[in-house]
Structure formats: structure tokens, C-alpha cells
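Quick notes on the structure that follows.
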Amino acid sequence: MFIRTKKDWELPESAVTSEQAYRTHNRRDFLKAVGLGAAGAALASRGLLAATGGLPAKENPAFPASALNPTAEEFITSYNNFYEFGTAKEQPKVLANRDWKTEPWTVEVTGLVDKPLKLDVNDLIKQAGGIEERVYRHRCVEAWSMVVPWDGFPLAKLVALAAPKSTAKFVKFTSFLDPKSAPGQSSGNLDYPYVEGLRIDEAMNELAFIATGIYGKPIPNQNGAPLRLVTPWKYGFKGIKSIVKIEFTGNEPINTWKQMQGSEYGFYANVNPNVDHPRWSQASEQIIGSTSLLRSRQPTLMFNGYEKQVASLYTGLDLRRNY
Ligand code: MTE
């Protein structure tokens, strides 16, 4: 008999989104479930459905979700980095909810794979086996942090669907390009589209996650609707938002921040309190939304607290050089 041992980052069964929530979490089914149909689509993809009650995100107050102390939704959805919609933290919430459409949304999985895919995000969620909730630490390279209850599916499931060839060593992710709707893209504040990458073994690590929701509701535009990458042991810039293409490659992709400023931002971007950013310390971090007067900063943890799950990926790698 197969006995499944719980992973240490996991919530107890009782805290995981119910099967009913899994089904309703599909954005269109969800809208039908709350009776909003097409008119609600715009609202849902813009994260404005809270007033309708949203999804039943079941949480067990006795456990870990609270042990990790999730950041209030208001902060997660209004303090954002999404340069396509401005460089100030409060801009994406406004500018990504103006003209930009995130429904319908097609995702392409391509490159060195036996089973390329091009499909609607809701079909991808179904093929990946539905949604689960994971509460992860979220640490930006700018030395601030949050704790986010994400909904989504393990990236490993998508890798399995694509059946990569043995020559595939990396996964390259590309974000949308729509300068008419994204003022940051028309201003050229970065080279677009935004690109990120992982080594294939990193992509298959149990923690690597594709998020499609936050707090049991469809992911708001400003957080990367309708799907974004979450790699909690890495700095937040690896968590590319609003993905349109996932490509398996033989060579290391050049990620946007490395391309823009390679002396400060690398490919690996593993959270590391011992390797400072050239312009600031990474030893501690500002806790966004902290309600404690005594504790608004905390020490940064190696691999953001996920050393047990990921350290073996980097055996023999000089983490100071491969920042
Ligand atoms: N993805 C895209 N497409 N564009 C961006 O500017 N910013 C990154 C990452 N993903 C960014 C992106 C950075 S620097 C961080 S810290 C996180 O998104 C922020 O995610 P959040 O706004 O959900 O906290």
C-alpha cells in the first residue's frame, strides 16, 4: 500500500481548497457558479469579485496558513511589481485594469517537446489536473516580503504534459506583448516581452508552481492574470506574470533583468541572505503589511526558508558567482 507522507510546505487536507472550489475555480465555471456570466468575466479577471463572496477558499485556522501568517489580500493586490503597467507599486492595480483583456487567453507550450500544446488557459488547468492551494513566502530582490496563498497547479504537471525531449535542459517563459494596453511597454521602461527561465530540474521541483488564483479567487490582473510562475525559493522577479509561451530549450535563456542589468541580476536569483545585491543588503527584509509595531523587518532565510526542498539542486554550484 502506498502511504503518502505530507510535505512540510503543505497545508492539511482540511485547509486545501475543496473539490467544489477546484471545479468552480475554472474562471468561466466560477462565473457561472456566481451567476455573473460574461458580464462578470471582466470583473473576475480584474479581481473585483470579492464583493460577490468569491470562491470558497477553505482555511483551517489551526494550521500553517496562519503559522505562515498570510499577508492581507489588500496588500498582495495593491503593492505590485509589473513594469508593463508602471514602475510604481500602486500603478499596476489601476493601469492593468483599464483596457487590458486577460480573457480569453491562449498559452503555447513549444520547443524541444514531444507533445507541443496550444490551448486556452482554462483547458490547460483542466489538463494539469485542477487547482490546489499553496501558502508560500514571496521575497522580492528589493528586500521586501509577503506570504501569499496561491491557487494553481505544480509546474511539473505541465512539464509532464509536454513530454520534453532529452535535449531539453531549460524552460523559457515569455509574457504577453500588447503595447496598446500596457503603458510600460509603449514607454519602453524594460525590453519587452518580459522573459524568464528555469533549469528543467528546477522546473520539475515540487515547489515550482503556476498560479492562477490568490485567496481562492481568480488571480487579479496586477498579480499576473491569468497565469504566472511562482518559485518561492527565488527572488520574485523570476515569477513571470501573464505567460503566453513556455518553450523548452537546450540553452540557458537570457532573462529580462539579467539582460537589463547583468551585474545586479542573474539567472539563478536564489534567495540568499549571504550574497548582497551590489546596492543593498539581502540579510533582512521588510514585511509588507505587517501590523506589528515591533516586527516590521525579519532576517532573510537561505532559499527563502525552502532549503530542504531545493538545496540539492545547487550542489557544487558557486552561489556567489551564480547569483
Ligand atoms: N512579470 C512581468 N511580466 N513583469 C514584471 O515587471 N515583475 C517581477 C515579477 N514578475 C514582473 C513580473 C517582480 S520584480 C516581482 S517582485 C514579482 O513579479 C511581483 O509579483 P507581485 O506583484 O504579485 O507581488
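Labeling convention for the C-alpha cells: chains A, B, ... as they appear, residues from 1 per chain, ligands from 1 in order of appearance.
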I'd like a table as CSV: residues in chain A with an atom no more than 6 Å from ligand 1, each row giving the shortest atom pair and its distance in Å to one decimal, only C-alpha atoms and all ligand atoms counted, sorted by chain and rising residue number.
residue,atom,partner,partner_atom_place_in_ligand_line,distance
A:Asn80,CA,ligand 1,22 (O),3.3
A:Asn81,CA,ligand 1,22 (O),4.3
A:Phe82,CA,ligand 1,6 (O),3.4
A:Tyr83,CA,ligand 1,6 (O),3.8
A:Glu84,CA,ligand 1,4 (N),5.9
A:Cys140,CA,ligand 1,16 (S),4.4
A:Ser175,CA,ligand 1,3 (N),5.2
A:Tyr194,CA,ligand 1,3 (N),5.0
A:Asn223,CA,ligand 1,23 (O),4.0
A:Gly236,CA,ligand 1,16 (S),3.8
A:Phe237,CA,ligand 1,13 (C),3.6
A:Gly239,CA,ligand 1,10 (N),4.7
A:Ile240,CA,ligand 1,1 (N),3.8
A:Lys241,CA,ligand 1,1 (N),3.9
Subject >> Test item: residues at most 6 Å from Phe85 of chain A, only C-alpha atoms, excluding those fewer than 2 positions along its chain, as a PyMOL selection string >> reply: chain A and resi 82-83+92+95-96+182-184
Just to be explicit: take each residue in the selection above, keep N, CA and C atoms, and write the result as an mmCIF file, in the first residue's frame.
data_model
loop_
_atom_site.group_PDB
_atom_site.id
_atom_site.type_symbol
_atom_site.label_atom_id
_atom_site.label_comp_id
_atom_site.auth_asym_id
_atom_site.auth_seq_id
_atom_site.Cartn_x
_atom_site.Cartn_y
_atom_site.Cartn_z
ATOM 1 N N PHE A 82 5.004 45.208 -11.708
ATOM 2 C CA PHE A 82 4.517 44.751 -13.016
ATOM 3 C C PHE A 82 4.809 45.924 -13.950
ATOM 4 N N TYR A 83 6.083 45.943 -14.418
ATOM 5 C CA TYR A 83 6.581 47.128 -15.131
ATOM 6 C C TYR A 83 5.802 47.435 -16.400
ATOM 7 N N PRO A 92 0.167 49.265 -11.121
ATOM 8 C CA PRO A 92 -0.438 48.127 -11.831
ATOM 9 C C PRO A 92 -1.907 47.889 -11.480
ATOM 10 N N LEU A 95 -3.592 50.595 -13.725
ATOM 11 C CA LEU A 95 -3.365 50.567 -15.170
ATOM 12 C C LEU A 95 -3.587 49.194 -15.809
ATOM 13 N N ALA A 96 -3.477 48.112 -15.016
ATOM 14 C CA ALA A 96 -3.715 46.777 -15.595
ATOM 15 C C ALA A 96 -5.205 46.441 -15.587
ATOM 16 N N ALA A 182 -0.638 48.195 -22.520
ATOM 17 C CA ALA A 182 0.336 48.206 -21.426
ATOM 18 C C ALA A 182 1.252 49.426 -21.562
ATOM 19 N N PRO A 183 0.958 50.487 -20.821
ATOM 20 C CA PRO A 183 1.711 51.733 -20.993
ATOM 21 C C PRO A 183 3.213 51.587 -20.758
ATOM 22 N N GLY A 184 3.615 50.673 -19.898
ATOM 23 C CA GLY A 184 5.050 50.458 -19.652
ATOM 24 C C GLY A 184 5.733 49.913 -20.893
#
**OP:** Please run DSSP on the backbone and report, as JSON, numbers by chain, all residues within segment 88-294 of chain A that come out as strand (DSSP E).
**Re:** {"A": [106, 107, 108, 109, 110, 111, 117, 118, 119, 120, 132, 133, 134, 135, 136, 137, 138, 139, 144, 145, 146, 147, 148, 149, 150, 151, 152, 153, 154, 170, 171, 172, 173, 174, 175, 195, 196, 197, 198, 199, 209, 210, 211, 212, 213, 214, 217, 218, 228, 229, 230, 243, 244, 245, 246, 247, 248, 249, 284, 285, 286, 287]}
Original post:
Neighbours of Glu202 of chain A within 10 Å (only C-alpha atoms; same-chain residues fewer than 5 positions away dropped), as a count of residues only?
Top reply: 12
Per residue of segment 155-197 of chain A within 9 Å of segment 97-104 of chain A, record the nearest atom pair and its distance in Å to one decimal, counting only C-alpha atoms, with rows in chain order and ascending residue number, as a tab-separated table.
residue	atom	partner	partner_atom	distance
A:Asp178	CA	A:Trp100	CA	8.4
A:Lys180	CA	A:Trp100	CA	8.6
A:Ser181	CA	A:Trp100	CA	5.1
A:Ala182	CA	A:Trp100	CA	7.1
Can those selected residues be exported to a file as a PDB file, in the first residue's frame so that it contains N, CA, C and O atoms?
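So the final result, stored in again_18.pdb, reads:
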ATOM      1  N   ASP A 178       1.657  43.684 -25.629  1.00  0.00           N
ATOM      2  CA  ASP A 178       0.469  44.427 -26.054  1.00  0.00           C
ATOM      3  C   ASP A 178       0.644  45.904 -25.666  1.00  0.00           C
ATOM      4  O   ASP A 178       0.001  46.409 -24.749  1.00  0.00           O
ATOM      5  N   LYS A 180      -0.341  48.559 -26.757  1.00  0.00           N
ATOM      6  CA  LYS A 180      -1.511  49.449 -26.766  1.00  0.00           C
ATOM      7  C   LYS A 180      -2.211  49.455 -25.413  1.00  0.00           C
ATOM      8  O   LYS A 180      -2.747  50.468 -24.987  1.00  0.00           O
ATOM      9  N   SER A 181      -2.203  48.298 -24.737  1.00  0.00           N
ATOM     10  CA  SER A 181      -2.888  48.207 -23.439  1.00  0.00           C
ATOM     11  C   SER A 181      -1.935  48.339 -22.260  1.00  0.00           C
ATOM     12  O   SER A 181      -2.384  48.512 -21.128  1.00  0.00           O
ATOM     13  N   ALA A 182      -0.638  48.195 -22.520  1.00  0.00           N
ATOM     14  CA  ALA A 182       0.336  48.206 -21.426  1.00  0.00           C
ATOM     15  C   ALA A 182       1.252  49.426 -21.562  1.00  0.00           C
ATOM     16  O   ALA A 182       2.211  49.401 -22.344  1.00  0.00           O
TER      17      ALA A 182
END
Original post:
For Ala311 of chain A, which residue out of A:Asn221, A:Ser296, A:Asn205, A:Asn274 is the nearest one, using only C-alpha atoms?
Top reply: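 With only C-alpha atoms as the atom set, the closest residue is A:Asn205.
Each of A:Lys172, A:Lys308, A:Arg137, A:Lys126 was checked against Thr256 of chain A using only C-alpha atoms; the smallest atom-to-atom distance is that of A:Lys172.
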Subject >> Best match for closeness to Arg320 of chain A among A:Thr87, A:Asn270, A:Asn189, A:Ser242, counting only C-alpha atoms >> reply: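 Nearest to Arg320 of chain A: A:Asn270.
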**OP:** Just the helix (DSSP H, G or I) stuff from segment 72-279 of chain A, please, per backbone DSSP, written as a ChimeraX atom specification.
**Re:** /A:73-76,83-85,91-95,121-127,155-162,183-187,200-203,221-223,236-238,256-260
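Atom CA of Trp280 of chain A is positioned 10.5 Å from atom CA of Glu264 of chain A.
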